file entry39.txt (compact mmCIF, N, CA and C atoms)
# COMPACT_ATOMS: atom_id res chain seq x y z
N MET A 276 -69.65 -74.84 -195.76
CA MET A 276 -70.75 -74.30 -194.99
C MET A 276 -70.80 -74.92 -193.60
N ALA A 277 -70.67 -76.24 -193.52
CA ALA A 277 -70.69 -76.92 -192.23
C ALA A 277 -69.47 -76.52 -191.39
N GLU A 278 -68.34 -76.27 -192.08
CA GLU A 278 -67.13 -75.86 -191.36
C GLU A 278 -67.31 -74.47 -190.74
N GLN A 279 -67.99 -73.56 -191.44
CA GLN A 279 -68.25 -72.23 -190.90
C GLN A 279 -69.13 -72.31 -189.66
N LYS A 280 -70.17 -73.15 -189.70
CA LYS A 280 -71.06 -73.30 -188.55
C LYS A 280 -70.31 -73.89 -187.37
N LYS A 281 -69.42 -74.85 -187.64
CA LYS A 281 -68.65 -75.47 -186.57
C LYS A 281 -67.73 -74.43 -185.92
N GLN A 282 -67.10 -73.58 -186.74
CA GLN A 282 -66.20 -72.56 -186.20
C GLN A 282 -66.99 -71.54 -185.40
N GLN A 283 -68.17 -71.14 -185.87
CA GLN A 283 -68.97 -70.17 -185.15
C GLN A 283 -69.49 -70.74 -183.85
N ALA A 284 -69.77 -72.03 -183.80
CA ALA A 284 -70.29 -72.65 -182.59
C ALA A 284 -69.27 -72.59 -181.45
N GLY A 285 -67.98 -72.71 -181.76
CA GLY A 285 -66.95 -72.69 -180.74
C GLY A 285 -66.39 -71.30 -180.46
N SER A 286 -66.92 -70.29 -181.14
CA SER A 286 -66.37 -68.95 -180.97
C SER A 286 -66.93 -68.28 -179.72
N LYS A 287 -66.13 -67.35 -179.20
CA LYS A 287 -66.50 -66.60 -178.00
C LYS A 287 -66.49 -65.12 -178.30
N LYS A 288 -67.03 -64.38 -177.38
CA LYS A 288 -66.96 -62.92 -177.41
C LYS A 288 -65.95 -62.49 -176.34
N VAL A 289 -65.46 -61.27 -176.43
CA VAL A 289 -64.43 -60.78 -175.50
C VAL A 289 -64.92 -60.83 -174.07
N ASN A 290 -66.17 -60.45 -173.81
CA ASN A 290 -66.65 -60.44 -172.43
C ASN A 290 -66.87 -61.84 -171.85
N GLN A 291 -66.78 -62.89 -172.67
CA GLN A 291 -66.91 -64.26 -172.19
C GLN A 291 -65.56 -64.90 -171.86
N LEU A 292 -64.46 -64.20 -172.12
CA LEU A 292 -63.14 -64.75 -171.85
C LEU A 292 -62.88 -64.80 -170.35
N ARG A 293 -62.23 -65.88 -169.90
CA ARG A 293 -61.89 -66.09 -168.50
C ARG A 293 -60.41 -66.44 -168.38
N PRO A 294 -59.82 -66.24 -167.21
CA PRO A 294 -58.40 -66.57 -167.04
C PRO A 294 -58.09 -68.02 -167.41
N LEU A 295 -56.99 -68.18 -168.13
CA LEU A 295 -56.46 -69.48 -168.54
C LEU A 295 -57.36 -70.23 -169.52
N ASP A 296 -58.27 -69.54 -170.22
CA ASP A 296 -59.03 -70.16 -171.31
C ASP A 296 -58.05 -70.56 -172.40
N SER A 297 -58.34 -71.65 -173.10
CA SER A 297 -57.52 -72.04 -174.23
C SER A 297 -58.42 -72.60 -175.33
N GLY A 298 -57.90 -72.66 -176.53
CA GLY A 298 -58.68 -73.14 -177.66
C GLY A 298 -59.78 -72.17 -178.06
N VAL A 299 -59.55 -70.88 -177.85
CA VAL A 299 -60.57 -69.86 -178.11
C VAL A 299 -60.55 -69.45 -179.58
N ASN A 300 -61.72 -69.45 -180.21
CA ASN A 300 -61.88 -68.92 -181.57
C ASN A 300 -62.65 -67.61 -181.44
N ILE A 301 -62.07 -66.52 -181.98
CA ILE A 301 -62.68 -65.22 -181.79
C ILE A 301 -62.32 -64.29 -182.96
N SER A 302 -63.26 -63.42 -183.31
CA SER A 302 -63.02 -62.39 -184.32
C SER A 302 -62.97 -61.04 -183.62
N VAL A 303 -61.90 -60.29 -183.88
CA VAL A 303 -61.71 -59.00 -183.21
C VAL A 303 -61.23 -57.95 -184.20
N LYS A 304 -61.42 -56.70 -183.82
CA LYS A 304 -60.93 -55.58 -184.62
C LYS A 304 -59.78 -54.93 -183.85
N VAL A 305 -58.70 -54.57 -184.55
CA VAL A 305 -57.53 -53.97 -183.92
C VAL A 305 -57.77 -52.48 -183.74
N ILE A 306 -57.63 -52.02 -182.49
CA ILE A 306 -57.81 -50.61 -182.17
C ILE A 306 -56.48 -49.88 -182.19
N SER A 307 -55.48 -50.48 -181.54
CA SER A 307 -54.14 -49.86 -181.51
C SER A 307 -53.08 -50.93 -181.39
N LYS A 308 -51.84 -50.53 -181.77
CA LYS A 308 -50.70 -51.46 -181.71
C LYS A 308 -49.52 -50.69 -181.16
N LYS A 309 -48.88 -51.26 -180.11
CA LYS A 309 -47.75 -50.60 -179.47
C LYS A 309 -46.58 -51.58 -179.37
N PRO A 310 -45.47 -51.31 -180.07
CA PRO A 310 -44.30 -52.19 -179.95
C PRO A 310 -43.73 -52.15 -178.54
N ILE A 311 -43.38 -53.30 -178.00
CA ILE A 311 -42.82 -53.40 -176.65
C ILE A 311 -41.31 -53.62 -176.71
N ALA A 312 -40.88 -54.59 -177.50
CA ALA A 312 -39.46 -54.91 -177.61
C ALA A 312 -39.10 -55.11 -179.08
N GLN A 313 -38.13 -54.34 -179.57
CA GLN A 313 -37.72 -54.45 -180.97
C GLN A 313 -36.91 -55.72 -181.22
N ARG A 314 -36.03 -56.03 -180.28
CA ARG A 314 -35.14 -57.18 -180.47
C ARG A 314 -35.92 -58.49 -180.49
N ASN A 315 -36.89 -58.63 -179.59
CA ASN A 315 -37.69 -59.85 -179.51
C ASN A 315 -38.93 -59.79 -180.38
N ARG A 316 -39.16 -58.65 -181.05
CA ARG A 316 -40.34 -58.44 -181.89
C ARG A 316 -41.60 -58.79 -181.12
N LEU A 317 -41.91 -57.96 -180.16
CA LEU A 317 -43.06 -58.14 -179.28
C LEU A 317 -43.89 -56.86 -179.31
N ALA A 318 -45.22 -57.02 -179.39
CA ALA A 318 -46.11 -55.86 -179.41
C ALA A 318 -47.38 -56.17 -178.63
N GLU A 319 -47.93 -55.13 -178.01
CA GLU A 319 -49.23 -55.25 -177.35
C GLU A 319 -50.25 -54.52 -178.21
N CYS A 320 -51.30 -55.22 -178.57
CA CYS A 320 -52.34 -54.65 -179.44
C CYS A 320 -53.65 -54.65 -178.68
N LEU A 321 -54.34 -53.54 -178.72
CA LEU A 321 -55.66 -53.45 -178.11
C LEU A 321 -56.66 -53.88 -179.16
N VAL A 322 -57.38 -54.97 -178.88
CA VAL A 322 -58.36 -55.51 -179.82
C VAL A 322 -59.71 -55.65 -179.13
N GLY A 323 -60.77 -55.72 -179.92
CA GLY A 323 -62.08 -55.85 -179.29
C GLY A 323 -63.17 -56.21 -180.27
N ASP A 324 -64.34 -56.45 -179.71
CA ASP A 324 -65.54 -56.70 -180.50
C ASP A 324 -66.69 -55.89 -179.90
N GLU A 325 -67.92 -56.26 -180.21
CA GLU A 325 -69.05 -55.47 -179.74
C GLU A 325 -69.32 -55.62 -178.25
N THR A 326 -68.60 -56.53 -177.56
CA THR A 326 -68.83 -56.75 -176.14
C THR A 326 -67.74 -56.18 -175.24
N GLY A 327 -66.58 -55.82 -175.79
CA GLY A 327 -65.50 -55.28 -174.97
C GLY A 327 -64.16 -55.34 -175.68
N ILE A 328 -63.10 -54.96 -174.95
CA ILE A 328 -61.75 -54.95 -175.49
C ILE A 328 -60.80 -55.71 -174.57
N ILE A 329 -59.67 -56.15 -175.13
CA ILE A 329 -58.65 -56.87 -174.38
C ILE A 329 -57.31 -56.66 -175.07
N ILE A 330 -56.22 -56.84 -174.34
CA ILE A 330 -54.88 -56.70 -174.93
C ILE A 330 -54.46 -58.04 -175.54
N LEU A 331 -54.00 -57.98 -176.78
CA LEU A 331 -53.47 -59.14 -177.49
C LEU A 331 -51.96 -58.99 -177.55
N THR A 332 -51.22 -59.99 -177.07
CA THR A 332 -49.77 -59.99 -177.14
C THR A 332 -49.36 -60.66 -178.44
N ALA A 333 -48.69 -59.90 -179.32
CA ALA A 333 -48.25 -60.42 -180.62
C ALA A 333 -46.75 -60.63 -180.60
N ARG A 334 -46.32 -61.75 -181.18
CA ARG A 334 -44.91 -62.11 -181.21
C ARG A 334 -44.44 -62.38 -182.64
N ASN A 335 -43.18 -62.04 -182.92
CA ASN A 335 -42.49 -62.36 -184.16
C ASN A 335 -43.29 -61.97 -185.41
N ASP A 336 -43.65 -62.92 -186.28
CA ASP A 336 -44.34 -62.63 -187.53
C ASP A 336 -45.74 -62.07 -187.31
N GLN A 337 -46.32 -62.34 -186.15
CA GLN A 337 -47.66 -61.82 -185.84
C GLN A 337 -47.65 -60.29 -185.81
N VAL A 338 -46.53 -59.69 -185.40
CA VAL A 338 -46.43 -58.24 -185.30
C VAL A 338 -46.61 -57.60 -186.68
N ASP A 339 -46.03 -58.20 -187.72
CA ASP A 339 -46.15 -57.67 -189.08
C ASP A 339 -47.56 -57.84 -189.63
N LEU A 340 -48.23 -58.88 -189.23
CA LEU A 340 -49.56 -59.20 -189.75
C LEU A 340 -50.63 -58.25 -189.22
N ILE A 341 -50.44 -57.75 -188.01
CA ILE A 341 -51.47 -56.94 -187.34
C ILE A 341 -51.30 -55.47 -187.68
N GLN A 342 -52.38 -54.87 -188.19
CA GLN A 342 -52.41 -53.44 -188.52
C GLN A 342 -53.62 -52.80 -187.87
N GLU A 343 -53.48 -51.56 -187.45
CA GLU A 343 -54.59 -50.84 -186.82
C GLU A 343 -55.77 -50.76 -187.79
N GLY A 344 -56.97 -51.05 -187.27
CA GLY A 344 -58.18 -50.97 -188.06
C GLY A 344 -58.55 -52.26 -188.77
N SER A 345 -57.63 -53.24 -188.80
CA SER A 345 -57.93 -54.50 -189.49
C SER A 345 -58.73 -55.43 -188.58
N THR A 346 -59.38 -56.40 -189.21
CA THR A 346 -60.15 -57.40 -188.48
C THR A 346 -59.36 -58.70 -188.47
N LEU A 347 -59.22 -59.30 -187.29
CA LEU A 347 -58.45 -60.54 -187.15
C LEU A 347 -59.36 -61.69 -186.76
N VAL A 348 -59.07 -62.86 -187.28
CA VAL A 348 -59.73 -64.08 -186.87
C VAL A 348 -58.69 -64.92 -186.14
N LEU A 349 -58.87 -65.10 -184.83
CA LEU A 349 -57.94 -65.86 -184.01
C LEU A 349 -58.48 -67.26 -183.82
N THR A 350 -57.67 -68.25 -184.13
CA THR A 350 -58.06 -69.65 -183.98
C THR A 350 -57.15 -70.30 -182.95
N LYS A 351 -57.75 -71.00 -182.01
CA LYS A 351 -57.02 -71.68 -180.93
C LYS A 351 -56.16 -70.71 -180.12
N ALA A 352 -56.72 -69.56 -179.82
CA ALA A 352 -56.02 -68.57 -178.99
C ALA A 352 -56.13 -68.99 -177.53
N LYS A 353 -55.37 -68.33 -176.67
CA LYS A 353 -55.42 -68.64 -175.25
C LYS A 353 -55.37 -67.35 -174.45
N VAL A 354 -55.78 -67.44 -173.21
CA VAL A 354 -55.75 -66.29 -172.31
C VAL A 354 -54.62 -66.52 -171.31
N ASP A 355 -53.61 -65.65 -171.36
CA ASP A 355 -52.50 -65.71 -170.41
C ASP A 355 -52.74 -64.68 -169.31
N MET A 356 -52.13 -64.90 -168.18
CA MET A 356 -52.22 -63.94 -167.07
C MET A 356 -50.87 -63.22 -166.96
N PHE A 357 -50.93 -61.89 -166.84
CA PHE A 357 -49.73 -61.07 -166.67
C PHE A 357 -50.01 -60.06 -165.57
N LYS A 358 -49.32 -60.20 -164.46
CA LYS A 358 -49.50 -59.34 -163.29
C LYS A 358 -50.97 -59.25 -162.88
N GLY A 359 -51.64 -60.39 -162.90
CA GLY A 359 -53.02 -60.47 -162.42
C GLY A 359 -54.07 -60.05 -163.42
N SER A 360 -53.69 -59.69 -164.65
CA SER A 360 -54.69 -59.31 -165.64
C SER A 360 -54.59 -60.20 -166.88
N MET A 361 -55.69 -60.27 -167.62
CA MET A 361 -55.77 -61.17 -168.77
C MET A 361 -55.14 -60.55 -170.01
N ARG A 362 -54.45 -61.39 -170.77
CA ARG A 362 -53.89 -61.03 -172.08
C ARG A 362 -54.25 -62.15 -173.05
N LEU A 363 -54.70 -61.79 -174.21
CA LEU A 363 -55.00 -62.76 -175.25
C LEU A 363 -53.72 -63.04 -176.02
N ALA A 364 -53.45 -64.29 -176.36
CA ALA A 364 -52.23 -64.65 -177.09
C ALA A 364 -52.52 -65.82 -178.02
N VAL A 365 -51.73 -65.90 -179.09
CA VAL A 365 -51.82 -67.02 -180.02
C VAL A 365 -50.43 -67.63 -180.10
N ASP A 366 -50.30 -68.89 -179.67
CA ASP A 366 -49.00 -69.55 -179.69
C ASP A 366 -48.86 -70.38 -180.97
N ARG A 367 -47.91 -71.30 -180.99
CA ARG A 367 -47.63 -72.07 -182.21
C ARG A 367 -48.76 -73.02 -182.60
N PHE A 368 -49.66 -73.32 -181.68
CA PHE A 368 -50.77 -74.22 -181.99
C PHE A 368 -51.96 -73.47 -182.58
N GLY A 369 -51.96 -72.15 -182.46
CA GLY A 369 -53.06 -71.34 -182.97
C GLY A 369 -52.69 -70.64 -184.26
N ARG A 370 -53.62 -69.78 -184.71
CA ARG A 370 -53.41 -69.10 -185.98
C ARG A 370 -54.09 -67.73 -185.95
N ILE A 371 -53.44 -66.75 -186.56
CA ILE A 371 -54.02 -65.41 -186.74
C ILE A 371 -54.18 -65.19 -188.24
N GLU A 372 -55.39 -64.81 -188.65
CA GLU A 372 -55.65 -64.50 -190.05
C GLU A 372 -56.32 -63.14 -190.13
N VAL A 373 -56.02 -62.41 -191.18
CA VAL A 373 -56.71 -61.15 -191.43
C VAL A 373 -58.03 -61.49 -192.11
N GLY A 374 -59.14 -61.05 -191.50
CA GLY A 374 -60.45 -61.37 -192.02
C GLY A 374 -61.06 -60.22 -192.79
N ALA A 375 -62.29 -60.44 -193.24
CA ALA A 375 -63.05 -59.40 -193.92
C ALA A 375 -63.35 -58.28 -192.92
N PRO A 376 -63.50 -57.05 -193.39
CA PRO A 376 -63.80 -55.95 -192.47
C PRO A 376 -65.02 -56.25 -191.61
N ALA A 377 -64.90 -55.93 -190.33
CA ALA A 377 -65.96 -56.26 -189.37
C ALA A 377 -67.16 -55.34 -189.54
N SER A 378 -68.34 -55.91 -189.31
CA SER A 378 -69.57 -55.13 -189.42
C SER A 378 -69.97 -54.56 -188.06
N PHE A 379 -69.23 -54.92 -187.00
CA PHE A 379 -69.58 -54.45 -185.65
C PHE A 379 -68.75 -53.24 -185.26
N SER A 380 -69.26 -52.49 -184.29
CA SER A 380 -68.48 -51.39 -183.72
C SER A 380 -67.95 -51.86 -182.36
N VAL A 381 -66.75 -51.48 -182.04
CA VAL A 381 -66.07 -51.97 -180.84
C VAL A 381 -66.57 -51.23 -179.60
N GLU A 382 -66.90 -52.00 -178.56
CA GLU A 382 -67.31 -51.44 -177.25
C GLU A 382 -66.04 -51.16 -176.46
N LYS A 383 -65.65 -49.87 -176.38
CA LYS A 383 -64.39 -49.51 -175.74
C LYS A 383 -64.51 -49.27 -174.24
N ASP A 384 -65.72 -49.29 -173.71
CA ASP A 384 -65.92 -49.00 -172.28
C ASP A 384 -65.61 -50.19 -171.38
N ILE A 385 -65.65 -51.40 -171.92
CA ILE A 385 -65.43 -52.60 -171.11
C ILE A 385 -64.07 -53.19 -171.49
N ASN A 386 -63.05 -52.93 -170.65
CA ASN A 386 -61.70 -53.43 -170.90
C ASN A 386 -61.43 -54.62 -169.99
N MET A 387 -61.42 -55.81 -170.57
CA MET A 387 -61.22 -57.04 -169.80
C MET A 387 -59.80 -57.14 -169.24
N SER A 388 -58.84 -56.42 -169.81
CA SER A 388 -57.46 -56.46 -169.31
C SER A 388 -57.27 -55.61 -168.06
N LEU A 389 -58.23 -54.76 -167.74
CA LEU A 389 -58.12 -53.95 -166.53
C LEU A 389 -58.67 -54.65 -165.30
N ILE A 390 -59.36 -55.76 -165.50
CA ILE A 390 -59.89 -56.53 -164.37
C ILE A 390 -58.75 -57.33 -163.76
N GLU A 391 -58.50 -57.14 -162.47
CA GLU A 391 -57.42 -57.87 -161.80
C GLU A 391 -57.97 -59.13 -161.15
N PHE A 392 -57.24 -60.21 -161.32
CA PHE A 392 -57.60 -61.49 -160.73
C PHE A 392 -56.54 -61.89 -159.72
N GLU A 393 -56.97 -62.59 -158.71
CA GLU A 393 -56.05 -63.07 -157.68
C GLU A 393 -56.22 -64.57 -157.55
N ARG A 394 -55.11 -65.26 -157.53
CA ARG A 394 -55.16 -66.71 -157.39
C ARG A 394 -55.35 -67.07 -155.92
N VAL A 395 -56.32 -67.92 -155.66
CA VAL A 395 -56.59 -68.37 -154.28
C VAL A 395 -56.51 -69.89 -154.29
N ASP A 396 -55.61 -70.42 -153.49
CA ASP A 396 -55.48 -71.88 -153.35
C ASP A 396 -56.34 -72.33 -152.18
N VAL A 397 -57.16 -73.33 -152.43
CA VAL A 397 -58.03 -73.87 -151.40
C VAL A 397 -57.50 -75.24 -150.99
N VAL A 398 -57.25 -75.39 -149.70
CA VAL A 398 -56.77 -76.67 -149.17
C VAL A 398 -57.93 -77.36 -148.47
N VAL A 399 -58.19 -78.58 -148.91
CA VAL A 399 -59.32 -79.31 -148.31
C VAL A 399 -58.81 -80.40 -147.40

call {"tool": "encode", "arguments": {"input": "entry39.txt", "output": "structure tokens"}}
result
Amino acid sequence: MAEQKKQQAGSKKVNQLRPLDSGVNISVKVISKKPIAQRNRLAECLVGDETGIIILTARNDQVDLIQEGSTLVLTKAKVDMFKGSMRLAVDRFGRIEVGAPASFSVEKDINMSLIEFERVDVVV
């Protein structure tokens, strides 16, 4: 019980994700899955929660685990930048688990991966 509260305390929603976030705990529902490279076993999955959607980059065994319509619990995920837009990813330090079916409906109007960011270096 205490472990569940601790995990919920550190969890975020999709609309709270920011560039280069790491250690993110989040529950999302898979909307679609599109294979990118067969040889490298890479896929882009559109995932979301009640606050918005984002692209999740899945690699290797993660591709087999993710199915359209399933609910995923991502532990220690990170936000990578690709051509100025955010992508959610889980590396070797994180974990993807298939969770119980989600009780929320996905907000498809707010796509966090469509927001473009530009890096600005400030010299003082």

call {"tool": "atom_distance", "arguments": {"input": "entry39.txt", "atom1": "atom C of A:Asn290", "atom2": "atom N of A:Ser307"}}
result
18.8 Å

call {"tool": "closest_residue", "arguments": {"input": "entry39.txt", "among": "A:Gly344, A:Val354, A:Gln337, A:Pro294", "to": "A:Ile306", "atoms": "only N, CA and C atoms"}}
result
A:Gly344

call {"tool": "residues_around", "arguments": {"input": "entry39.txt", "residues": "A:Ser380", "least_positions_apart": "5", "cutoff": "9 Å", "atoms": "only C-alpha atoms", "output": "ChimeraX atom specification"}}
result
/A:304,323-325

call {"tool": "closest_residue", "arguments": {"input": "entry39.txt", "among": "A:Val322, A:Val289, A:Gly298, A:Asp336", "to": "A:Ala352", "atoms": "all atoms listed in the file"}}
result
A:Gly298

call {"tool": "residues_around", "arguments": {"input": "entry39.txt", "residues": "A:Ala375", "least_positions_apart": "2", "cutoff": "8 Å", "atoms": "all atoms listed in the file", "output": "ChimeraX atom specification"}}
result
/A:345-348,372-373,377-378

call {"tool": "select_by_dssp", "arguments": {"input": "entry39.txt", "residues": "chain A", "states": "helix (DSSP H, G or I)", "output": "PyMOL selection string"}}
result
chain A and resi 277-284+289-291+336-340+387-389

call {"tool": "closest_residue", "arguments": {"input": "entry39.txt", "among": "A:Ile301, A:Leu349, A:Leu389, A:Ile330", "to": "A:Ile371", "atoms": "all atoms listed in the file"}}
result
A:Leu349

call {"tool": "residues_around", "arguments": {"input": "entry39.txt", "residues": "A:Asp366", "least_positions_apart": "5", "cutoff": "9 Å", "atoms": "only C-alpha atoms", "output": "number ranges by chain"}}
result
A: 334, 351-353

call {"tool": "closest_residue", "arguments": {"input": "entry39.txt", "among": "A:Thr350, A:Gln313, A:Asn335, A:Thr326", "to": "A:Ser297", "atoms": "only C-alpha atoms"}}
result
A:Thr350

call {"tool": "atom_distance", "arguments": {"input": "entry39.txt", "atom1": "atom N of A:Asn315", "atom2": "atom C of A:Asn300"}}
result
27.3 Å

call {"tool": "atom_distance", "arguments": {"input": "entry39.txt", "atom1": "atom CA of A:Val398", "atom2": "atom CA of A:Lys358"}}
result
23.5 Å

call {"tool": "select_by_dssp", "arguments": {"input": "entry39.txt", "residues": "chain A", "states": "strand (DSSP E or B)", "output": "short mmCIF file (atom, residue, chain, number, x, y, z; two decimals) with N, CA and C atoms, in the frame of the given file"}}
result
data_model
loop_
_atom_site.label_atom_id
_atom_site.label_comp_id
_atom_site.auth_asym_id
_atom_site.auth_seq_id
_atom_site.Cartn_x
_atom_site.Cartn_y
_atom_site.Cartn_z
N SER A 286 -66.92 -70.29 -181.14
CA SER A 286 -66.37 -68.95 -180.97
C SER A 286 -66.93 -68.28 -179.72
N SER A 297 -58.34 -71.65 -173.10
CA SER A 297 -57.52 -72.04 -174.23
C SER A 297 -58.42 -72.60 -175.33
N GLY A 298 -57.90 -72.66 -176.53
CA GLY A 298 -58.68 -73.14 -177.66
C GLY A 298 -59.78 -72.17 -178.06
N VAL A 299 -59.55 -70.88 -177.85
CA VAL A 299 -60.57 -69.86 -178.11
C VAL A 299 -60.55 -69.45 -179.58
N ASN A 300 -61.72 -69.45 -180.21
CA ASN A 300 -61.88 -68.92 -181.57
C ASN A 300 -62.65 -67.61 -181.44
N ILE A 301 -62.07 -66.52 -181.98
CA ILE A 301 -62.68 -65.22 -181.79
C ILE A 301 -62.32 -64.29 -182.96
N SER A 302 -63.26 -63.42 -183.31
CA SER A 302 -63.02 -62.39 -184.32
C SER A 302 -62.97 -61.04 -183.62
N VAL A 303 -61.90 -60.29 -183.88
CA VAL A 303 -61.71 -59.00 -183.21
C VAL A 303 -61.23 -57.95 -184.20
N LYS A 304 -61.42 -56.70 -183.82
CA LYS A 304 -60.93 -55.58 -184.62
C LYS A 304 -59.78 -54.93 -183.85
N VAL A 305 -58.70 -54.57 -184.55
CA VAL A 305 -57.53 -53.97 -183.92
C VAL A 305 -57.77 -52.48 -183.74
N ILE A 306 -57.63 -52.02 -182.49
CA ILE A 306 -57.81 -50.61 -182.17
C ILE A 306 -56.48 -49.88 -182.19
N SER A 307 -55.48 -50.48 -181.54
CA SER A 307 -54.14 -49.86 -181.51
C SER A 307 -53.08 -50.93 -181.39
N LYS A 308 -51.84 -50.53 -181.77
CA LYS A 308 -50.70 -51.46 -181.71
C LYS A 308 -49.52 -50.69 -181.16
N LYS A 309 -48.88 -51.26 -180.11
CA LYS A 309 -47.75 -50.60 -179.47
C LYS A 309 -46.58 -51.58 -179.37
N PRO A 310 -45.47 -51.31 -180.07
CA PRO A 310 -44.30 -52.19 -179.95
C PRO A 310 -43.73 -52.15 -178.54
N ILE A 311 -43.38 -53.30 -178.00
CA ILE A 311 -42.82 -53.40 -176.65
C ILE A 311 -41.31 -53.62 -176.71
N ALA A 312 -40.88 -54.59 -177.50
CA ALA A 312 -39.46 -54.91 -177.61
C ALA A 312 -39.10 -55.11 -179.08
N LEU A 317 -41.91 -57.96 -180.16
CA LEU A 317 -43.06 -58.14 -179.28
C LEU A 317 -43.89 -56.86 -179.31
N ALA A 318 -45.22 -57.02 -179.39
CA ALA A 318 -46.11 -55.86 -179.41
C ALA A 318 -47.38 -56.17 -178.63
N GLU A 319 -47.93 -55.13 -178.01
CA GLU A 319 -49.23 -55.25 -177.35
C GLU A 319 -50.25 -54.52 -178.21
N CYS A 320 -51.30 -55.22 -178.57
CA CYS A 320 -52.34 -54.65 -179.44
C CYS A 320 -53.65 -54.65 -178.68
N LEU A 321 -54.34 -53.54 -178.72
CA LEU A 321 -55.66 -53.45 -178.11
C LEU A 321 -56.66 -53.88 -179.16
N VAL A 322 -57.38 -54.97 -178.88
CA VAL A 322 -58.36 -55.51 -179.82
C VAL A 322 -59.71 -55.65 -179.13
N GLY A 323 -60.77 -55.72 -179.92
CA GLY A 323 -62.08 -55.85 -179.29
C GLY A 323 -63.17 -56.21 -180.27
N ASP A 324 -64.34 -56.45 -179.71
CA ASP A 324 -65.54 -56.70 -180.50
C ASP A 324 -66.69 -55.89 -179.90
N GLY A 327 -66.58 -55.82 -175.79
CA GLY A 327 -65.50 -55.28 -174.97
C GLY A 327 -64.16 -55.34 -175.68
N ILE A 328 -63.10 -54.96 -174.95
CA ILE A 328 -61.75 -54.95 -175.49
C ILE A 328 -60.80 -55.71 -174.57
N ILE A 329 -59.67 -56.15 -175.13
CA ILE A 329 -58.65 -56.87 -174.38
C ILE A 329 -57.31 -56.66 -175.07
N ILE A 330 -56.22 -56.84 -174.34
CA ILE A 330 -54.88 -56.70 -174.93
C ILE A 330 -54.46 -58.04 -175.54
N LEU A 331 -54.00 -57.98 -176.78
CA LEU A 331 -53.47 -59.14 -177.49
C LEU A 331 -51.96 -58.99 -177.55
N THR A 332 -51.22 -59.99 -177.07
CA THR A 332 -49.77 -59.99 -177.14
C THR A 332 -49.36 -60.66 -178.44
N ALA A 333 -48.69 -59.90 -179.32
CA ALA A 333 -48.25 -60.42 -180.62
C ALA A 333 -46.75 -60.63 -180.60
N ARG A 334 -46.32 -61.75 -181.18
CA ARG A 334 -44.91 -62.11 -181.21
C ARG A 334 -44.44 -62.38 -182.64
N THR A 346 -59.38 -56.40 -189.21
CA THR A 346 -60.15 -57.40 -188.48
C THR A 346 -59.36 -58.70 -188.47
N LEU A 347 -59.22 -59.30 -187.29
CA LEU A 347 -58.45 -60.54 -187.15
C LEU A 347 -59.36 -61.69 -186.76
N VAL A 348 -59.07 -62.86 -187.28
CA VAL A 348 -59.73 -64.08 -186.87
C VAL A 348 -58.69 -64.92 -186.14
N LEU A 349 -58.87 -65.10 -184.83
CA LEU A 349 -57.94 -65.86 -184.01
C LEU A 349 -58.48 -67.26 -183.82
N THR A 350 -57.67 -68.25 -184.13
CA THR A 350 -58.06 -69.65 -183.98
C THR A 350 -57.15 -70.30 -182.95
N LYS A 351 -57.75 -71.00 -182.01
CA LYS A 351 -57.02 -71.68 -180.93
C LYS A 351 -56.16 -70.71 -180.12
N ALA A 352 -56.72 -69.56 -179.82
CA ALA A 352 -56.02 -68.57 -178.99
C ALA A 352 -56.13 -68.99 -177.53
N LYS A 353 -55.37 -68.33 -176.67
CA LYS A 353 -55.42 -68.64 -175.25
C LYS A 353 -55.37 -67.35 -174.45
N VAL A 354 -55.78 -67.44 -173.21
CA VAL A 354 -55.75 -66.29 -172.31
C VAL A 354 -54.62 -66.52 -171.31
N ASP A 355 -53.61 -65.65 -171.36
CA ASP A 355 -52.50 -65.71 -170.41
C ASP A 355 -52.74 -64.68 -169.31
N MET A 356 -52.13 -64.90 -168.18
CA MET A 356 -52.22 -63.94 -167.07
C MET A 356 -50.87 -63.22 -166.96
N PHE A 357 -50.93 -61.89 -166.84
CA PHE A 357 -49.73 -61.07 -166.67
C PHE A 357 -50.01 -60.06 -165.57
N SER A 360 -53.69 -59.69 -164.65
CA SER A 360 -54.69 -59.31 -165.64
C SER A 360 -54.59 -60.20 -166.88
N MET A 361 -55.69 -60.27 -167.62
CA MET A 361 -55.77 -61.17 -168.77
C MET A 361 -55.14 -60.55 -170.01
N ARG A 362 -54.45 -61.39 -170.77
CA ARG A 362 -53.89 -61.03 -172.08
C ARG A 362 -54.25 -62.15 -173.05
N LEU A 363 -54.70 -61.79 -174.21
CA LEU A 363 -55.00 -62.76 -175.25
C LEU A 363 -53.72 -63.04 -176.02
N ALA A 364 -53.45 -64.29 -176.36
CA ALA A 364 -52.23 -64.65 -177.09
C ALA A 364 -52.52 -65.82 -178.02
N ARG A 370 -53.62 -69.78 -184.71
CA ARG A 370 -53.41 -69.10 -185.98
C ARG A 370 -54.09 -67.73 -185.95
N ILE A 371 -53.44 -66.75 -186.56
CA ILE A 371 -54.02 -65.41 -186.74
C ILE A 371 -54.18 -65.19 -188.24
N GLU A 372 -55.39 -64.81 -188.65
CA GLU A 372 -55.65 -64.50 -190.05
C GLU A 372 -56.32 -63.14 -190.13
N VAL A 373 -56.02 -62.41 -191.18
CA VAL A 373 -56.71 -61.15 -191.43
C VAL A 373 -58.03 -61.49 -192.11
N ASN A 386 -63.05 -52.93 -170.65
CA ASN A 386 -61.70 -53.43 -170.90
C ASN A 386 -61.43 -54.62 -169.99
N GLU A 391 -58.50 -57.14 -162.47
CA GLU A 391 -57.42 -57.87 -161.80
C GLU A 391 -57.97 -59.13 -161.15
#
